[in-house]
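Here is the file structure12.pdb (PDB, C-alpha atoms, pLDDT in the B column).
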ATOM      1  CA  MET A   1      52.841 115.121  -1.309  1.00 72.00           C
ATOM      2  CA  PRO A   2      55.379 117.742  -2.438  1.00 78.00           C
ATOM      3  CA  VAL A   3      54.153 120.351  -4.905  1.00 81.00           C
ATOM      4  CA  ASN A   4      56.282 122.865  -6.802  1.00 86.00           C
ATOM      5  CA  PRO A   5      56.175 126.381  -5.328  1.00 87.00           C
ATOM      6  CA  THR A   6      53.362 128.427  -6.860  1.00 88.00           C
ATOM      7  CA  ARG A   7      52.201 131.988  -6.256  1.00 90.00           C
ATOM      8  CA  PHE A   8      48.517 131.820  -5.370  1.00 89.00           C
ATOM      9  CA  LEU A   9      48.204 135.396  -4.189  1.00 90.00           C
ATOM     10  CA  GLY A  10      50.095 138.648  -4.630  1.00 90.00           C
ATOM     11  CA  THR A  11      48.242 141.822  -3.719  1.00 90.00           C
ATOM     12  CA  ARG A  12      51.080 144.032  -5.008  1.00 89.00           C
ATOM     13  CA  GLY A  13      50.639 142.751  -8.582  1.00 91.00           C
ATOM     14  CA  GLY A  14      47.022 141.587  -8.511  1.00 92.00           C
ATOM     15  CA  THR A  15      47.658 137.816  -8.593  1.00 91.00           C
ATOM     16  CA  GLY A  16      44.609 136.018  -7.172  1.00 87.00           C
ATOM     17  CA  ALA A  17      43.050 139.237  -5.843  1.00 88.00           C
ATOM     18  CA  PRO A  18      42.845 142.883  -6.843  1.00 90.00           C
ATOM     19  CA  ALA A  19      46.104 144.802  -6.462  1.00 92.00           C
ATOM     20  CA  GLY A  20      46.215 147.015  -3.400  1.00 90.00           C
ATOM     21  CA  ARG A  21      46.464 147.063   0.366  1.00 89.00           C
ATOM     22  CA  LEU A  22      44.219 144.734   2.349  1.00 87.00           C
ATOM     23  CA  GLY A  23      43.185 147.255   5.008  1.00 84.00           C
ATOM     24  CA  ALA A  24      42.163 146.806   8.629  1.00 84.00           C
ATOM     25  CA  ASN A  25      40.309 143.655   9.717  1.00 85.00           C
ATOM     26  CA  ARG A  26      40.226 142.278   6.172  1.00 89.00           C
ATOM     27  CA  ILE A  27      39.937 138.545   5.581  1.00 88.00           C
ATOM     28  CA  LEU A  28      41.110 137.369   2.187  1.00 88.00           C
ATOM     29  CA  THR A  29      40.132 133.805   1.244  1.00 87.00           C
ATOM     30  CA  VAL A  30      42.432 131.911  -1.112  1.00 88.00           C
ATOM     31  CA  LYS A  31      41.482 128.512  -2.514  1.00 87.00           C
ATOM     32  CA  VAL A  32      44.472 126.162  -2.260  1.00 87.00           C
ATOM     33  CA  ALA A  33      43.182 122.572  -2.069  1.00 86.00           C
ATOM     34  CA  GLY A  34      42.640 121.170  -5.557  1.00 89.00           C
ATOM     35  CA  VAL A  35      44.437 124.084  -7.262  1.00 89.00           C
ATOM     36  CA  HIS A  36      47.870 124.219  -8.974  1.00 89.00           C
ATOM     37  CA  GLY A  37      48.611 120.565  -8.192  1.00 89.00           C
ATOM     38  CA  VAL A  38      47.697 120.704  -4.489  1.00 89.00           C
ATOM     39  CA  PRO A  39      45.653 117.575  -3.725  1.00 89.00           C
ATOM     40  CA  ALA A  40      41.964 118.241  -3.055  1.00 88.00           C
ATOM     41  CA  ASP A  41      42.286 116.261   0.184  1.00 88.00           C
ATOM     42  CA  ALA A  42      45.332 118.188   1.470  1.00 86.00           C
ATOM     43  CA  THR A  43      45.270 118.635   5.244  1.00 86.00           C
ATOM     44  CA  ALA A  44      48.098 121.184   5.513  1.00 87.00           C
ATOM     45  CA  VAL A  45      49.998 123.666   3.386  1.00 88.00           C
ATOM     46  CA  LEU A  46      53.217 125.610   3.807  1.00 89.00           C
ATOM     47  CA  VAL A  47      52.867 129.244   2.785  1.00 89.00           C
ATOM     48  CA  ASN A  48      55.075 132.311   2.686  1.00 91.00           C
ATOM     49  CA  LEU A  49      53.381 135.397   4.125  1.00 89.00           C
ATOM     50  CA  THR A  50      54.955 138.749   3.367  1.00 92.00           C
ATOM     51  CA  GLY A  51      53.793 141.958   4.950  1.00 91.00           C
ATOM     52  CA  VAL A  52      54.909 145.003   2.954  1.00 92.00           C
ATOM     53  CA  ALA A  53      55.228 148.454   4.535  1.00 93.00           C
ATOM     54  CA  PRO A  54      51.954 148.718   6.466  1.00 93.00           C
ATOM     55  CA  THR A  55      50.793 152.239   7.299  1.00 93.00           C
ATOM     56  CA  THR A  56      50.220 151.176  10.932  1.00 93.00           C
ATOM     57  CA  ALA A  57      51.260 148.231  13.106  1.00 94.00           C
ATOM     58  CA  THR A  58      49.435 145.093  11.965  1.00 92.00           C
ATOM     59  CA  HIS A  59      49.511 141.296  11.794  1.00 92.00           C
ATOM     60  CA  LEU A  60      48.877 138.491   9.286  1.00 91.00           C
ATOM     61  CA  THR A  61      47.352 135.089  10.030  1.00 91.00           C
ATOM     62  CA  ALA A  62      47.208 132.069   7.701  1.00 89.00           C
ATOM     63  CA  TYR A  63      44.641 129.423   8.597  1.00 88.00           C
ATOM     64  CA  GLY A  64      42.638 126.619   7.050  1.00 84.00           C
ATOM     65  CA  ALA A  65      38.883 126.256   6.847  1.00 78.00           C
ATOM     66  CA  GLY A  66      36.984 127.282   9.959  1.00 81.00           C
ATOM     67  CA  SER A  67      37.063 130.193  12.322  1.00 84.00           C
ATOM     68  CA  LEU A  68      39.890 132.711  12.650  1.00 85.00           C
ATOM     69  CA  PRO A  69      42.377 131.505  15.287  1.00 87.00           C
ATOM     70  CA  ASN A  70      43.419 133.844  18.091  1.00 90.00           C
ATOM     71  CA  VAL A  71      47.077 133.920  16.959  1.00 89.00           C
ATOM     72  CA  SER A  72      49.102 135.642  14.263  1.00 90.00           C
ATOM     73  CA  ASP A  73      51.891 134.330  12.040  1.00 91.00           C
ATOM     74  CA  VAL A  74      53.667 137.663  11.598  1.00 91.00           C
ATOM     75  CA  ASN A  75      53.456 140.985  13.453  1.00 93.00           C
ATOM     76  CA  LEU A  76      54.641 144.073  11.614  1.00 94.00           C
ATOM     77  CA  SER A  77      55.543 147.597  12.711  1.00 95.00           C
ATOM     78  CA  THR A  78      54.658 150.629  10.610  1.00 96.00           C
ATOM     79  CA  GLY A  79      56.709 150.573   7.397  1.00 96.00           C
ATOM     80  CA  GLU A  80      58.292 147.152   8.050  1.00 96.00           C
ATOM     81  CA  THR A  81      58.549 144.545   5.279  1.00 95.00           C
ATOM     82  CA  ARG A  82      59.109 140.938   6.314  1.00 93.00           C
ATOM     83  CA  PRO A  83      58.424 137.481   4.852  1.00 93.00           C
ATOM     84  CA  VAL A  84      57.744 134.508   7.126  1.00 92.00           C
ATOM     85  CA  PRO A  85      56.865 130.858   6.488  1.00 92.00           C
ATOM     86  CA  ALA A  86      53.615 129.577   7.993  1.00 90.00           C
ATOM     87  CA  VAL A  87      51.977 126.154   8.078  1.00 88.00           C
ATOM     88  CA  THR A  88      48.228 125.758   8.127  1.00 84.00           C
ATOM     89  CA  SER A  89      47.569 122.314   9.494  1.00 75.00           C
ATOM     90  CA  ARG A  90      43.876 122.667  10.179  1.00 60.00           C
ATOM     91  CA  ALA A  91      41.496 121.312   7.567  1.00 56.00           C
ATOM     92  CA  VAL A  92      42.051 122.901   4.165  1.00 58.00           C
ATOM     93  CA  SER A  93      38.681 123.166   2.461  1.00 53.00           C
ATOM     94  CA  ALA A  94      38.469 122.240  -1.204  1.00 50.00           C
ATOM     95  CA  ASP A  95      35.188 124.144  -1.408  1.00 51.00           C
ATOM     96  CA  GLN A  96      36.541 127.484  -0.244  1.00 46.00           C
ATOM     97  CA  ALA A  97      36.774 129.942  -3.092  1.00 44.00           C
TER      98      ALA A  97
END
How does this structure look as structure tokens?
Amino acid sequence: MPVNPTRFLGTRGGTGAPAGRLGANRILTVKVAGVHGVPADATAVLVNLTGVAPTTATHLTAYGAGSLPNVSDVNLSTGETRPVPAVTSRAVSADQA
């Protein structure tokens, strides 16, 4: 079911989480299923991940409910800024806050 693009999270401006850098080994949970028109029973979502000028090489991973997968969606060098699309096709939990 198509849904209009919506910003769920923006750490630069404080949308959905406090403004600021995430920091090393940080996991940030964002509720998507059942929010902003996304069906509560959604099984996948398309997201845009953007890494902005990290102070050291890093990576970002988008994933559904469950354990952290052993892959990354975007790898960034120090100071690099890059957006990438990512699809989470694992179960998307409606209960995750």
Requested in this report: Pick out the residues sitting within 9 Å of Arg12 in chain A, and hand them over as a ChimeraX atom specification; count all atoms listed in the file, and ignore anything fewer than 3 positions along from it in its own chain.
Outcome: /A:15,18-21,52
With C-alpha atoms retained, write the just-selected residues as a PDB file, in the frame of the given file.
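Output file again-v6.pdb follows:
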ATOM      1  CA  THR A  15      47.658 137.816  -8.593  1.00 91.00           C
ATOM      2  CA  PRO A  18      42.845 142.883  -6.843  1.00 90.00           C
ATOM      3  CA  ALA A  19      46.104 144.802  -6.462  1.00 92.00           C
ATOM      4  CA  GLY A  20      46.215 147.015  -3.400  1.00 90.00           C
ATOM      5  CA  ARG A  21      46.464 147.063   0.366  1.00 89.00           C
ATOM      6  CA  VAL A  52      54.909 145.003   2.954  1.00 92.00           C
TER       7      VAL A  52
END
Query raised in the report: Nearest to Leu9 in chain A: which of A:Thr56, A:Asn70, A:Thr29, A:Thr78 is it, counting all atoms listed in the file?
Result: A:Thr29
**Report entry** Selected residue, from A:Thr81, A:Asn48, A:Tyr63, A:Ala53, that lies nearest to Gly10 in chain A when counting all atoms listed in the file
**Finding:** A:Asn48
Query raised in the report: From the set A:Asn25, A:Thr6, A:Thr88, A:Thr11, which residue has the shortest atom-to-atom contact distance to Gly64 in chain A, counting all atoms listed in the file?
Result: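 Closest to Gly64 in chain A of all the choices is A:Thr88.
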Query - Sphere at (43.2, 130.5, 1.8), radius 8 Å, counting only C-alpha atoms: residues as a PyMOL selection string - result: chain A and resi 28-32+62-65+96
Query - Contact residues around Gly37 in chain A with all atoms listed in the file at 10 Å, ignoring same-chain residues under 3 positions, as a list in words - result: Met1, Pro2, Val3, Asn4, Pro5, Thr6, Val32, Ala33, Gly34 and Ala40 of chain A
Requested in this report: I need the residue set behind the PyMOL selection byres ((chain A and resi 41-47) around 6) for this file; please write it as a list of chain:residue names.
Outcome: A:Pro39, A:Ala40, A:Asn48, A:Pro85, A:Ala86, A:Val87, A:Thr88, A:Ser89, A:Ala91, A:Val92
**Report entry** Computed interatomic separation between CA of His59 in chain A and CA of Ser77 in chain A (Å)
**Finding:**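 Between CA of His59 in chain A and CA of Ser77 in chain A the gap is 8.8 Å.
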Query raised in the report: Of the residues A:Thr55, A:Leu68, A:Phe8, A:Gly13, which is the one nearest to Ile27 in chain A, using all atoms listed in the file?
Result: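 The answer is A:Leu68, which sits nearest to Ile27 in chain A.
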Report summary line: The distance between CA of Gly51 in chain A and CA of Gly23 in chain A is 11.9 Å
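The spacing separating CA of Arg82 in chain A from CA of Gly66 in chain A amounts to 26.3 Å.
Among the candidates A:Val84, A:Val71, A:Leu60, A:Val38, the one nearest to Ala24 in chain A when counting only C-alpha atoms is A:Leu60.
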Query raised in the report: Any chance you could work out the residue set of the PyMOL selection byres ((chain A and resi 75) around 6) here, as a list in words?
Result: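 For this structure, the PyMOL selection byres ((chain A and resi 75) around 6) captures Thr58, His59, Val74 and Leu76 of chain A.
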